[in-house]
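Here's structure_34.cif, which has mmCIF, C-alpha atoms and all ligand atoms:
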```cif
data_final
loop_
_atom_site.label_atom_id
_atom_site.label_comp_id
_atom_site.auth_asym_id
_atom_site.auth_seq_id
_atom_site.Cartn_x
_atom_site.Cartn_y
_atom_site.Cartn_z
CA MET A 123 190.72 55.34 0.76
CA PRO A 124 188.87 55.40 -2.57
CA LYS A 125 185.29 56.55 -2.73
CA THR A 126 182.74 53.93 -1.77
CA ILE A 127 182.83 50.94 -4.05
CA TYR A 128 179.28 49.91 -4.78
CA LEU A 129 179.00 46.14 -5.15
CA ASP A 130 175.32 45.71 -4.39
CA ASN A 131 173.80 46.05 -7.85
CA ALA A 132 171.54 43.03 -7.32
CA ALA A 133 169.77 45.07 -4.62
CA THR A 134 169.45 48.15 -6.78
CA THR A 135 171.41 50.18 -9.30
CA ALA A 136 172.22 53.83 -9.93
CA VAL A 137 169.92 55.62 -12.37
CA ARG A 138 171.92 56.39 -15.49
CA PRO A 139 172.21 60.08 -16.43
CA GLU A 140 170.61 59.47 -19.82
CA VAL A 141 167.68 57.71 -18.10
CA LEU A 142 167.20 60.67 -15.78
CA ASP A 143 167.40 63.05 -18.76
CA ALA A 144 164.69 61.09 -20.53
CA MET A 145 162.48 61.15 -17.42
CA MET A 146 162.87 64.79 -16.40
CA PRO A 147 160.48 66.43 -18.90
CA PHE A 148 157.73 64.10 -17.69
CA LEU A 149 158.16 65.41 -14.14
CA THR A 150 158.32 69.06 -15.07
CA GLU A 151 156.65 70.05 -18.34
CA TRP A 152 154.71 67.06 -19.62
CA TYR A 153 152.94 66.01 -16.46
CA GLY A 154 149.80 64.82 -18.18
CA ASN A 155 147.76 61.71 -17.50
CA PRO A 156 148.06 59.38 -20.50
CA SER A 157 144.33 58.63 -20.20
CA SER A 158 143.39 62.28 -20.83
CA VAL A 159 142.34 63.27 -24.34
CA HIS A 160 144.12 66.65 -24.43
CA GLU A 161 147.59 67.26 -25.77
CA PHE A 162 149.32 66.67 -22.40
CA GLY A 163 147.71 63.28 -22.18
CA ALA A 164 148.45 62.36 -25.78
CA LEU A 165 152.13 63.23 -25.39
CA CYS A 166 152.40 61.02 -22.34
CA ASN A 167 150.56 58.23 -24.06
CA VAL A 168 153.00 58.33 -26.94
CA ALA A 169 155.92 58.29 -24.49
CA CYS A 170 154.54 55.23 -22.67
CA ASP A 171 154.01 53.38 -25.93
CA LYS A 172 157.56 54.14 -26.92
CA ALA A 173 158.76 52.69 -23.60
CA ARG A 174 156.55 49.64 -24.15
CA ALA A 175 158.24 49.04 -27.49
CA GLN A 176 161.68 49.58 -25.94
CA VAL A 177 161.23 46.95 -23.23
CA ALA A 178 159.42 44.53 -25.58
CA LYS A 179 162.31 44.64 -28.03
CA VAL A 180 164.77 43.41 -25.39
CA ILE A 181 162.80 40.18 -24.92
CA GLY A 182 161.49 39.70 -28.45
CA ALA A 183 157.92 40.38 -27.36
CA ASP A 184 154.95 42.11 -28.93
CA PRO A 185 154.64 45.50 -27.15
CA LYS A 186 150.94 44.75 -26.68
CA ASP A 187 151.90 41.93 -24.32
CA VAL A 188 153.75 44.26 -21.92
CA TYR A 189 151.84 45.59 -18.89
CA PHE A 190 153.55 48.17 -16.72
CA THR A 191 153.41 47.63 -12.96
CA SER A 192 155.01 49.05 -9.84
CA GLY A 193 157.92 46.59 -10.06
CA GLY A 194 159.03 43.00 -9.84
CA THR A 195 157.11 42.28 -6.66
CA GLU A 196 153.77 43.34 -8.10
CA SER A 197 154.43 41.44 -11.33
CA ASP A 198 155.20 38.24 -9.39
CA ASN A 199 152.10 38.66 -7.22
CA TRP A 200 149.95 39.31 -10.26
CA ALA A 201 151.19 36.29 -12.21
CA LEU A 202 150.77 33.81 -9.37
CA LYS A 203 147.58 35.02 -7.73
CA SER A 204 145.75 35.67 -10.98
CA ALA A 205 146.78 32.29 -12.41
CA VAL A 206 145.12 30.65 -9.43
CA LEU A 207 141.92 32.62 -10.10
CA ALA A 208 142.00 31.98 -13.84
CA LYS A 209 142.65 28.25 -13.58
CA LYS A 210 140.47 27.28 -10.65
CA GLU A 211 138.52 24.84 -12.82
CA LYS A 212 141.71 22.98 -13.67
CA GLY A 213 143.28 22.81 -10.22
CA LYS A 214 145.33 24.57 -7.62
CA HIS A 215 148.77 23.01 -7.79
CA ILE A 216 151.82 25.21 -8.45
CA ILE A 217 155.40 24.12 -9.02
CA THR A 218 158.21 26.47 -8.04
CA THR A 219 161.67 26.18 -6.49
CA LYS A 220 163.29 26.48 -3.09
CA ILE A 221 165.43 29.41 -4.20
CA GLU A 222 162.87 31.93 -5.45
CA HIS A 223 162.93 35.57 -4.45
CA HIS A 224 160.68 36.40 -1.50
CA ALA A 225 158.21 38.02 -3.92
CA VAL A 226 157.45 34.56 -5.34
CA MET A 227 158.17 32.52 -2.22
CA GLU A 228 155.91 34.45 0.13
CA THR A 229 153.18 34.71 -2.49
CA CYS A 230 153.26 30.91 -2.80
CA GLU A 231 153.12 30.55 0.98
CA PHE A 232 150.13 32.90 1.03
CA LEU A 233 148.45 30.84 -1.69
CA GLU A 234 149.05 27.66 0.32
CA ARG A 235 147.16 29.25 3.20
CA GLN A 236 144.32 29.86 0.73
CA GLY A 237 144.19 26.16 -0.11
CA CYS A 238 146.65 25.88 -3.01
CA GLU A 239 149.24 23.13 -3.09
CA VAL A 240 152.80 24.13 -3.92
CA THR A 241 155.75 21.92 -4.80
CA TYR A 242 159.09 23.59 -4.03
CA LEU A 243 161.69 21.90 -6.21
CA ASP A 244 165.12 21.19 -4.76
CA VAL A 245 168.23 22.53 -6.42
CA ASP A 246 171.65 20.92 -6.68
CA ALA A 247 174.83 22.25 -5.07
CA ASP A 248 175.22 24.77 -7.94
CA GLY A 249 171.65 25.98 -7.61
CA LEU A 250 170.17 24.27 -10.68
CA ILE A 251 166.81 22.51 -10.67
CA ASP A 252 166.56 18.99 -12.05
CA LEU A 253 164.37 18.72 -15.16
CA GLY A 254 163.45 15.13 -14.34
CA ALA A 255 162.24 16.19 -10.91
CA LEU A 256 160.23 18.96 -12.57
CA LYS A 257 158.52 16.46 -14.89
CA ASP A 258 157.83 14.13 -11.98
CA ALA A 259 156.24 16.93 -10.00
CA ILE A 260 153.66 17.69 -12.70
CA ARG A 261 150.12 16.54 -11.88
CA PRO A 262 146.83 16.76 -13.77
CA ASP A 263 145.87 19.70 -11.54
CA THR A 264 149.15 21.65 -12.01
CA ILE A 265 148.24 25.12 -13.20
CA MET A 266 151.56 26.92 -13.18
CA ILE A 267 155.31 26.41 -13.17
CA SER A 268 157.18 29.43 -11.81
CA VAL A 269 160.98 29.26 -11.94
CA MET A 270 163.21 32.30 -11.70
CA TYR A 271 165.43 33.07 -14.70
CA ALA A 272 168.51 33.82 -12.62
CA ASN A 273 168.97 33.81 -8.89
CA ASN A 274 169.53 37.11 -7.09
CA GLU A 275 171.82 35.67 -4.42
CA ILE A 276 174.03 33.12 -6.13
CA GLY A 277 173.56 34.16 -9.77
CA THR A 278 172.72 30.71 -11.13
CA VAL A 279 170.88 30.84 -14.47
CA GLN A 280 168.27 28.09 -14.92
CA PRO A 281 167.65 26.10 -18.12
CA ILE A 282 164.65 28.31 -18.88
CA ARG A 283 164.09 27.16 -22.46
CA GLU A 284 163.87 23.50 -21.42
CA ILE A 285 161.60 24.33 -18.49
CA GLY A 286 159.38 26.30 -20.85
CA GLU A 287 159.27 23.40 -23.29
CA ILE A 288 158.16 21.02 -20.56
CA ALA A 289 155.47 23.43 -19.39
CA ARG A 290 154.20 24.05 -22.91
CA SER A 291 154.10 20.37 -23.86
CA ARG A 292 151.96 19.69 -20.78
CA GLY A 293 149.68 22.70 -21.27
CA ILE A 294 150.84 24.42 -18.09
CA LEU A 295 151.42 28.17 -17.72
CA PHE A 296 155.09 29.07 -17.36
CA HIS A 297 156.05 32.15 -15.37
CA THR A 298 159.59 33.31 -14.77
CA ASP A 299 160.82 35.99 -12.39
CA ALA A 300 163.41 37.52 -14.70
CA VAL A 301 164.17 40.57 -12.58
CA GLN A 302 167.88 39.70 -12.35
CA ALA A 303 168.17 38.56 -15.96
CA PHE A 304 166.24 41.23 -17.88
CA GLY A 305 168.64 43.65 -19.55
CA HIS A 306 171.63 41.65 -18.30
CA ILE A 307 171.55 38.47 -20.38
CA PRO A 308 169.68 37.63 -23.61
CA ILE A 309 166.02 36.64 -23.20
CA ASP A 310 163.64 35.66 -25.97
CA VAL A 311 160.13 34.98 -24.74
CA ASP A 312 159.27 32.95 -27.85
CA LYS A 313 162.36 30.75 -27.97
CA ASP A 314 162.33 30.43 -24.17
CA ASN A 315 158.65 29.35 -24.21
CA ILE A 316 157.75 31.96 -21.60
CA ASP A 317 154.07 32.75 -20.97
CA LEU A 318 154.55 35.26 -18.16
CA MET A 319 157.64 37.18 -17.13
CA SER A 320 158.35 39.67 -14.36
CA ALA A 321 160.93 42.45 -14.68
CA SER A 322 161.88 45.60 -12.81
CA GLY A 323 163.36 48.99 -13.69
CA HIS A 324 165.72 49.60 -10.79
CA LYS A 325 167.87 46.52 -11.41
CA ILE A 326 168.88 47.86 -14.85
CA HIS A 327 169.83 51.45 -14.01
CA GLY A 328 166.23 52.61 -14.28
CA PRO A 329 164.10 54.13 -11.54
CA LYS A 330 162.56 52.30 -8.58
CA GLY A 331 158.84 51.64 -8.41
CA VAL A 332 158.32 50.57 -12.01
CA GLY A 333 158.43 47.22 -13.74
CA PHE A 334 156.29 45.13 -16.03
CA LEU A 335 154.62 41.81 -16.50
CA TYR A 336 154.94 40.23 -19.92
CA MET A 337 151.77 38.25 -20.64
CA ARG A 338 151.69 36.23 -23.84
CA LYS A 339 148.71 36.86 -26.09
CA GLY A 340 145.97 34.41 -25.23
CA VAL A 341 147.12 34.02 -21.63
CA LYS A 342 144.26 36.01 -20.21
CA LEU A 343 144.95 36.44 -16.52
CA PRO A 344 142.42 38.59 -14.67
CA PRO A 345 143.62 41.95 -13.31
CA PHE A 346 145.35 42.11 -9.97
CA MET A 347 144.68 45.81 -9.45
CA HIS A 348 141.11 46.95 -10.02
CA GLY A 349 140.01 50.47 -10.86
CA GLY A 350 140.34 52.49 -14.05
CA HIS A 351 140.73 51.00 -17.50
CA HIS A 352 144.46 51.60 -17.81
CA GLU A 353 146.77 49.15 -19.56
CA ARG A 354 143.95 47.79 -21.75
CA GLY A 355 141.84 47.01 -18.72
CA ARG A 356 144.43 44.69 -17.20
CA ARG A 357 146.19 46.90 -14.66
CA ALA A 358 144.37 49.80 -13.06
CA GLY A 359 146.10 52.90 -11.76
CA THR A 360 147.33 56.08 -13.41
CA LEU A 361 150.45 55.26 -15.33
CA ASN A 362 153.77 56.17 -13.70
CA VAL A 363 154.80 58.11 -16.78
CA PRO A 364 158.29 59.24 -15.66
CA GLY A 365 159.03 55.77 -14.34
CA ILE A 366 157.80 54.08 -17.49
CA VAL A 367 159.83 56.42 -19.69
CA GLY A 368 162.78 55.61 -17.41
CA ILE A 369 162.51 51.84 -17.64
CA GLY A 370 162.08 52.16 -21.40
CA LYS A 371 165.26 54.19 -21.76
CA ALA A 372 167.16 51.92 -19.36
CA ALA A 373 166.06 48.88 -21.38
CA GLU A 374 167.12 50.47 -24.65
CA VAL A 375 170.58 51.25 -23.27
CA ALA A 376 170.88 47.82 -21.65
CA GLU A 377 170.08 46.10 -24.93
CA ARG A 378 172.51 48.23 -26.89
CA GLU A 379 175.35 47.63 -24.45
CA MET A 380 174.56 44.04 -23.50
CA PRO A 381 177.27 42.24 -25.48
CA ASP A 382 179.96 44.65 -24.24
CA ASN A 383 178.69 44.64 -20.68
CA ILE A 384 178.52 40.86 -20.48
CA LYS A 385 182.15 40.67 -21.54
CA ARG A 386 183.32 43.46 -19.30
CA VAL A 387 181.34 42.62 -16.18
CA SER A 388 181.98 38.87 -16.31
CA GLY A 389 185.67 39.69 -16.68
CA LEU A 390 185.53 41.74 -13.47
CA ARG A 391 183.49 39.00 -11.82
CA ASP A 392 186.03 36.32 -12.64
CA MET A 393 188.84 38.55 -11.47
CA LEU A 394 187.12 39.09 -8.13
CA ILE A 395 186.29 35.39 -7.73
CA GLU A 396 189.83 34.29 -8.54
CA GLY A 397 191.34 36.96 -6.31
CA LEU A 398 189.20 36.09 -3.31
CA LEU A 399 189.59 32.33 -3.63
CA ARG A 400 193.33 32.74 -4.06
CA GLU A 401 193.93 35.24 -1.26
CA VAL A 402 191.48 34.03 1.36
CA PRO A 403 191.96 30.46 2.61
CA TYR A 404 188.86 28.37 3.41
CA SER A 405 186.70 30.28 0.96
CA LYS A 406 184.36 28.78 -1.60
CA LEU A 407 182.31 30.06 -4.52
CA ASN A 408 178.53 29.62 -4.31
CA GLY A 409 176.40 29.23 -7.43
CA HIS A 410 177.19 27.66 -10.76
CA PRO A 411 180.77 28.19 -11.99
CA THR A 412 179.71 29.09 -15.55
CA LYS A 413 175.89 29.27 -15.76
CA ARG A 414 175.84 32.44 -13.71
CA LEU A 415 174.95 36.11 -14.07
CA PRO A 416 177.79 38.29 -15.37
CA GLY A 417 177.76 40.44 -12.23
CA ASN A 418 177.30 37.89 -9.45
CA VAL A 419 179.96 36.83 -6.97
CA ASN A 420 178.89 34.91 -3.86
CA ILE A 421 181.53 33.51 -1.57
CA SER A 422 181.44 31.65 1.74
CA PHE A 423 184.28 32.42 4.12
CA ARG A 424 184.53 29.74 6.78
CA TYR A 425 185.06 30.72 10.41
CA VAL A 426 183.69 34.22 9.99
CA GLU A 427 180.30 35.71 10.55
CA GLY A 428 178.86 37.41 7.47
CA GLU A 429 177.25 40.36 9.21
CA SER A 430 180.52 41.34 10.93
CA LEU A 431 182.42 40.90 7.70
CA LEU A 432 179.87 43.03 5.87
CA MET A 433 180.11 45.85 8.42
CA LEU A 434 183.87 45.88 8.51
CA VAL A 435 184.32 45.88 4.73
CA ASP A 436 181.72 48.65 4.61
CA GLU A 437 183.90 50.71 6.97
CA LYS A 438 186.67 50.32 4.40
CA GLY A 439 184.42 51.60 1.64
CA VAL A 440 183.14 48.38 0.08
CA SER A 441 179.35 48.02 -0.08
CA ALA A 442 178.38 44.37 -0.45
CA SER A 443 175.54 42.26 0.93
CA THR A 444 174.97 39.10 2.90
CA GLY A 445 172.28 37.98 0.48
CA SER A 446 168.88 39.25 -0.31
CA ALA A 447 168.30 42.87 0.67
CA CYS A 448 164.83 41.91 1.79
CA ALA A 449 166.14 39.27 4.19
CA SER A 450 168.97 41.24 5.72
CA GLY A 451 168.04 42.48 9.12
CA SER A 452 166.70 39.04 9.92
CA LEU A 453 169.09 36.57 11.47
CA ASP A 454 167.86 33.55 9.54
CA PRO A 455 170.44 32.27 7.10
CA SER A 456 169.54 32.68 3.45
CA HIS A 457 167.03 30.10 2.20
CA VAL A 458 168.98 29.98 -1.05
CA LEU A 459 172.29 29.06 0.59
CA LEU A 460 170.54 26.43 2.70
CA ALA A 461 168.87 25.04 -0.43
CA ILE A 462 172.24 24.50 -2.14
CA GLY A 463 173.22 22.47 0.89
CA LEU A 464 175.38 24.82 2.94
CA PRO A 465 175.30 24.16 6.68
CA HIS A 466 173.94 27.06 8.75
CA GLU A 467 177.33 28.30 9.97
CA ILE A 468 178.79 28.45 6.48
CA ALA A 469 175.67 30.08 5.05
CA HIS A 470 176.08 32.71 7.76
CA GLY A 471 179.63 33.46 6.64
CA SER A 472 178.77 34.31 3.04
CA LEU A 473 178.95 37.56 1.14
CA ARG A 474 177.45 38.63 -2.17
CA PHE A 475 179.22 41.15 -4.38
CA SER A 476 177.05 42.21 -7.31
CA LEU A 477 178.83 44.20 -9.98
CA SER A 478 177.85 46.58 -12.75
CA GLU A 479 179.62 47.94 -15.79
CA GLU A 480 180.51 50.98 -13.72
CA ASN A 481 182.96 48.98 -11.58
CA THR A 482 186.67 48.82 -12.37
CA LYS A 483 189.60 46.42 -12.08
CA GLU A 484 191.15 48.63 -9.41
CA GLU A 485 187.97 48.27 -7.37
CA MET A 486 188.17 44.49 -7.64
CA GLU A 487 191.80 44.55 -6.47
CA TYR A 488 190.96 46.84 -3.57
CA THR A 489 188.01 44.63 -2.59
CA VAL A 490 190.17 41.50 -2.52
CA LYS A 491 192.69 43.29 -0.31
CA VAL A 492 190.05 44.59 2.10
CA VAL A 493 188.19 41.28 2.38
CA LYS A 494 191.45 39.44 2.97
CA GLU A 495 192.41 41.81 5.79
CA VAL A 496 189.03 41.76 7.44
CA VAL A 497 188.67 37.99 7.25
CA GLU A 498 192.12 37.58 8.79
CA ARG A 499 191.21 39.96 11.57
CA LEU A 500 187.90 38.23 12.32
CA ARG A 501 189.49 34.79 12.23
CA SER A 502 192.24 35.90 14.60
CA MET A 503 189.47 36.53 17.14
CA SER A 504 187.59 33.32 16.42
CA PRO A 505 187.96 30.41 18.86
CA LEU A 506 186.57 28.09 16.18
CA TYR A 507 189.31 29.07 13.78
CA GLU A 508 191.95 28.53 16.43
CA ASP A 509 190.56 25.08 17.27
CA MET A 510 190.61 24.22 13.59
CA LEU A 511 194.25 25.33 13.26
CA ASN A 512 195.13 23.25 16.34
CA GLY A 513 193.39 20.27 14.87
CA VAL A 514 190.73 20.24 17.58
CA ALA A 515 187.74 20.96 15.37
C1 LIG B 601 164.63 42.78 -6.83
C2 LIG B 601 163.92 41.53 -7.18
C3 LIG B 601 162.52 41.44 -7.13
C4 LIG B 601 161.67 42.59 -6.64
O1 LIG B 601 161.59 43.62 -7.58
P1 LIG B 601 161.06 45.06 -7.10
O2 LIG B 601 160.98 45.85 -8.36
O3 LIG B 601 162.10 45.59 -6.15
O4 LIG B 601 159.74 44.85 -6.46
C5 LIG B 601 161.92 40.26 -7.49
N1 LIG B 601 162.65 39.21 -7.90
C6 LIG B 601 164.00 39.24 -7.97
C7 LIG B 601 164.74 38.05 -8.44
C8 LIG B 601 164.67 40.40 -7.60
O5 LIG B 601 166.01 40.42 -7.65
#
```

Show me this structure written as structure tokens.
Ligand SMILES: *Cc1c(COP(=O)(O)O)cnc(C)c1O
Amino acid sequence: MPKTIYLDNAATTAVRPEVLDAMMPFLTEWYGNPSSVHEFGALCNVACDKARAQVAKVIGADPKDVYFTSGGTESDNWALKSAVLAKKEKGKHIITTKIEHHAVMETCEFLERQGCEVTYLDVDADGLIDLGALKDAIRPDTIMISVMYANNEIGTVQPIREIGEIARSRGILFHTDAVQAFGHIPIDVDKDNIDLMSASGHKIHGPKGVGFLYMRKGVKLPPFMHGGHHERGRRAGTLNVPGIVGIGKAAEVAEREMPDNIKRVSGLRDMLIEGLLREVPYSKLNGHPTKRLPGNVNISFRYVEGESLLMLVDEKGVSASTGSACASGSLDPSHVLLAIGLPHEIAHGSLRFSLSEENTKEEMEYTVKVVKEVVERLRSMSPLYEDMLNGVA
């Protein structure tokens, strides 16, 4: 059996050696606090500013509009909760979607309990929102539109530029959770009309526990974390210097390799999709066929139970996922798969394979073979499958 094949890059990625190399000195020799005036502090300050420029460049932003945080979750919380505080004169209505990551979804649910009103837009069978429905949902008291750039479970990429245009023309803040898109597909905060954008280090081969919120100049959201005057008074807390240096390096590498990686990874993706759909009967691709992340494969296998499938392919050395890492462990089917209209039992029989540029063709072939075997084995034990074959179901 080959070594474990890691196909869960949407949950987290391996830190690249060059990222670790860039971080190491800031854990060992240059352990200063960037707020200190001495040389240790100054060195660290310079390193953080370099990282700020590195991540800003990937999204066409002014480095001054980048605020480092502890990750995607904090950035999402900051954008939503602080928008509510900042715009309380205007209203308390937020528009988002039914397929957001839990970091946005649960924050919206929290805000509803605080008296906000939230519209959760439907998506179509491919996972796309409808721009007409978005326009119809806008009210005089709408303060924010928050739509994820690309979905972490099914990979669908939303028409962000058009959404941003609608938001801008109506004077509404536009936030996007771009954690799955940043460093993977091109983003331009100006052309995409983005006011606020969340990103994370560990989804792009950087370290965990670091991310940033892009906040367009003039969009003055109050701080979410209070304390010291770090990050120009907007985000308190001693800067995570090694983490920040790490996300900066990871962003630089991601930008440099993006065209090659998109080609390579989407090639592997299409190979895996075609192989699985061809070799495994009663299987179906979830998410948009073309408007999807280069590394995302999400397939429903009828008449099998996803958790069993996941465990058995894991035993054969393939690490995949049944959906969002944050939801696994719970027995509820994925809210994303339900939102695209899958019935509960089919949503339960779905697997996500998320690839990176480190994967190979051989790994895709092996994965198809293993999934085929395991699905056959599970179906051979399934009374439902037997009924279906006998024409009963
Ligand atoms: C992983 C992820 C997050 C959370 O980011 P963390 O840095 O792990 O807090 C938020 N949104 C999406 C779409 C994600 O994939």

Fill in: Spatial neighbours of A:Gly428, max dist 8 Å, all atoms listed in the file, sep filter under 4 positions, as a ChimeraX atom specification
/A:432,444,470-473

Item to complete: Return as a ChimeraX atom specification every polymer residue, whether protein, DNA or RNA, with at least one atom no more than 8 Å from an atom of ligand LIG 601 (chain B); count only C-alpha atoms and all ligand atoms.
Response: /A:132-134,192-198,222-226,270,272-274,299-302,320-325,330-333,446

Give me a file of those residues, with C-alpha atoms, as an mmCIF file, in the coordinates of the input.
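Now in part.cif:
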```cif
data_model
loop_
_atom_site.group_PDB
_atom_site.id
_atom_site.type_symbol
_atom_site.label_atom_id
_atom_site.label_comp_id
_atom_site.auth_asym_id
_atom_site.auth_seq_id
_atom_site.Cartn_x
_atom_site.Cartn_y
_atom_site.Cartn_z
ATOM 1 C CA ALA A 132 171.540 43.030 -7.320
ATOM 2 C CA ALA A 133 169.770 45.070 -4.620
ATOM 3 C CA THR A 134 169.450 48.150 -6.780
ATOM 4 C CA SER A 192 155.010 49.050 -9.840
ATOM 5 C CA GLY A 193 157.920 46.590 -10.060
ATOM 6 C CA GLY A 194 159.030 43.000 -9.840
ATOM 7 C CA THR A 195 157.110 42.280 -6.660
ATOM 8 C CA GLU A 196 153.770 43.340 -8.100
ATOM 9 C CA SER A 197 154.430 41.440 -11.330
ATOM 10 C CA ASP A 198 155.200 38.240 -9.390
ATOM 11 C CA GLU A 222 162.870 31.930 -5.450
ATOM 12 C CA HIS A 223 162.930 35.570 -4.450
ATOM 13 C CA HIS A 224 160.680 36.400 -1.500
ATOM 14 C CA ALA A 225 158.210 38.020 -3.920
ATOM 15 C CA VAL A 226 157.450 34.560 -5.340
ATOM 16 C CA MET A 270 163.210 32.300 -11.700
ATOM 17 C CA ALA A 272 168.510 33.820 -12.620
ATOM 18 C CA ASN A 273 168.970 33.810 -8.890
ATOM 19 C CA ASN A 274 169.530 37.110 -7.090
ATOM 20 C CA ASP A 299 160.820 35.990 -12.390
ATOM 21 C CA ALA A 300 163.410 37.520 -14.700
ATOM 22 C CA VAL A 301 164.170 40.570 -12.580
ATOM 23 C CA GLN A 302 167.880 39.700 -12.350
ATOM 24 C CA SER A 320 158.350 39.670 -14.360
ATOM 25 C CA ALA A 321 160.930 42.450 -14.680
ATOM 26 C CA SER A 322 161.880 45.600 -12.810
ATOM 27 C CA GLY A 323 163.360 48.990 -13.690
ATOM 28 C CA HIS A 324 165.720 49.600 -10.790
ATOM 29 C CA LYS A 325 167.870 46.520 -11.410
ATOM 30 C CA LYS A 330 162.560 52.300 -8.580
ATOM 31 C CA GLY A 331 158.840 51.640 -8.410
ATOM 32 C CA VAL A 332 158.320 50.570 -12.010
ATOM 33 C CA GLY A 333 158.430 47.220 -13.740
ATOM 34 C CA SER A 446 168.880 39.250 -0.310
#
```

Mind checking which residues fall within 12 Å of A:Arg378, counting all atoms listed in the file, ignoring those fewer than 3 positions away in the same chain, and posting them as a CSV table (one decimal) with C-alpha atoms, in the frame of the given file?
```
chain,number,residue,atom,x,y,z
A,176,GLN,CA,161.7,49.6,-25.9
A,177,VAL,CA,161.2,47.0,-23.2
A,179,LYS,CA,162.3,44.6,-28.0
A,180,VAL,CA,164.8,43.4,-25.4
A,305,GLY,CA,168.6,43.6,-19.6
A,306,HIS,CA,171.6,41.6,-18.3
A,307,ILE,CA,171.6,38.5,-20.4
A,308,PRO,CA,169.7,37.6,-23.6
A,371,LYS,CA,165.3,54.2,-21.8
A,372,ALA,CA,167.2,51.9,-19.4
A,373,ALA,CA,166.1,48.9,-21.4
A,374,GLU,CA,167.1,50.5,-24.6
A,375,VAL,CA,170.6,51.2,-23.3
A,381,PRO,CA,177.3,42.2,-25.5
A,382,ASP,CA,180.0,44.6,-24.2
A,383,ASN,CA,178.7,44.6,-20.7
A,384,ILE,CA,178.5,40.9,-20.5
```

Discussion item. I'd like to know which of A:Ile251, A:Ala164, A:Val496, A:Ile421 is closest to A:Ile221, using all atoms listed in the file.
Written reply: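 Closest candidate: A:Ile251.
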
Fill in: Straight-line distance linking atom CA of A:Met337 with atom CA of A:Asp244, stated in Å to one decimal
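The value is 26.9 Å.
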
Item to complete: Would you mind telling me which residue in A:Gly417, A:Gly365, A:Gly349, A:Gly328 lies nearest to A:Pro139 when using all atoms listed in the file?
Response: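 With all atoms listed in the file as the atom set, the closest residue is A:Gly328.
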
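The gap separating atom CA of A:Thr412 from atom CA of A:Leu295 is 28.4 Å, in Å to one decimal.
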
Worksheet item: Which residue, A:Met266, A:Ala136, A:Leu335, A:Ala169, has the smallest gap to A:Lys210 when you use all atoms listed in the file?
Response: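 Between A:Met266, A:Ala136, A:Leu335, A:Ala169, the residue approaching A:Lys210 most closely is A:Met266.
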
Practice prompt. Enter the distance from atom CA of A:Lys257 to atom CA of A:Asp312, in Å, rounded to one decimal.
Written response: 21.0 Å

Worksheet item: Restricting the calculation to only C-alpha atoms, which member of A:Ile282, A:Val367, A:Ile316, A:Ser443 is positioned closest to A:Trp152?
Response: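 The shortest atom-to-atom distance to A:Trp152 comes from A:Val367.
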
Could you give me, as an mmCIF file with C-alpha atoms, in the frame of the given file, the residues within 8 Å of A:Ile181, counting all atoms listed in the file and dropping anything in the same chain fewer than 5 positions from it?
```
data_model
loop_
_atom_site.group_PDB
_atom_site.id
_atom_site.type_symbol
_atom_site.label_atom_id
_atom_site.label_comp_id
_atom_site.auth_asym_id
_atom_site.auth_seq_id
_atom_site.Cartn_x
_atom_site.Cartn_y
_atom_site.Cartn_z
ATOM 1 C CA PHE A 304 166.240 41.230 -17.880
ATOM 2 C CA PRO A 308 169.680 37.630 -23.610
ATOM 3 C CA ILE A 309 166.020 36.640 -23.200
ATOM 4 C CA ASP A 310 163.640 35.660 -25.970
ATOM 5 C CA VAL A 311 160.130 34.980 -24.740
#
```

Fill in: Non-local contacts of A:Gly409 (12 Å; all atoms listed in the file; under 4 positions in same chain excluded) as number ranges by chain
A: 221, 245-250, 272-280, 395, 413-415, 418-422, 458-459, 461-464, 472, 474

Fill in: Among the residues A:Ser158, A:Met393, A:Glu427, A:Ile369, the one that comes closest to A:Leu142 [using all atoms listed in the file]
A:Ile369

May I have the centre and edge lengths, in Å to one decimal, of an axis-aligned box around the listed atoms of stretch 234-245 of chain A with 4 Å added to every side, as JSON?
```
{"center_x": 156.2, "center_y": 25.5, "center_z": -1.6, "size_x": 32.0, "size_y": 16.7, "size_z": 17.6}
```

Worksheet item: Using only C-alpha atoms, which of A:Tyr425, A:Phe190, A:Tyr488, A:Phe475 sits nearest A:Leu511?
Response: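 Between A:Tyr425, A:Phe190, A:Tyr488, A:Phe475, the residue approaching A:Leu511 most closely is A:Tyr425.
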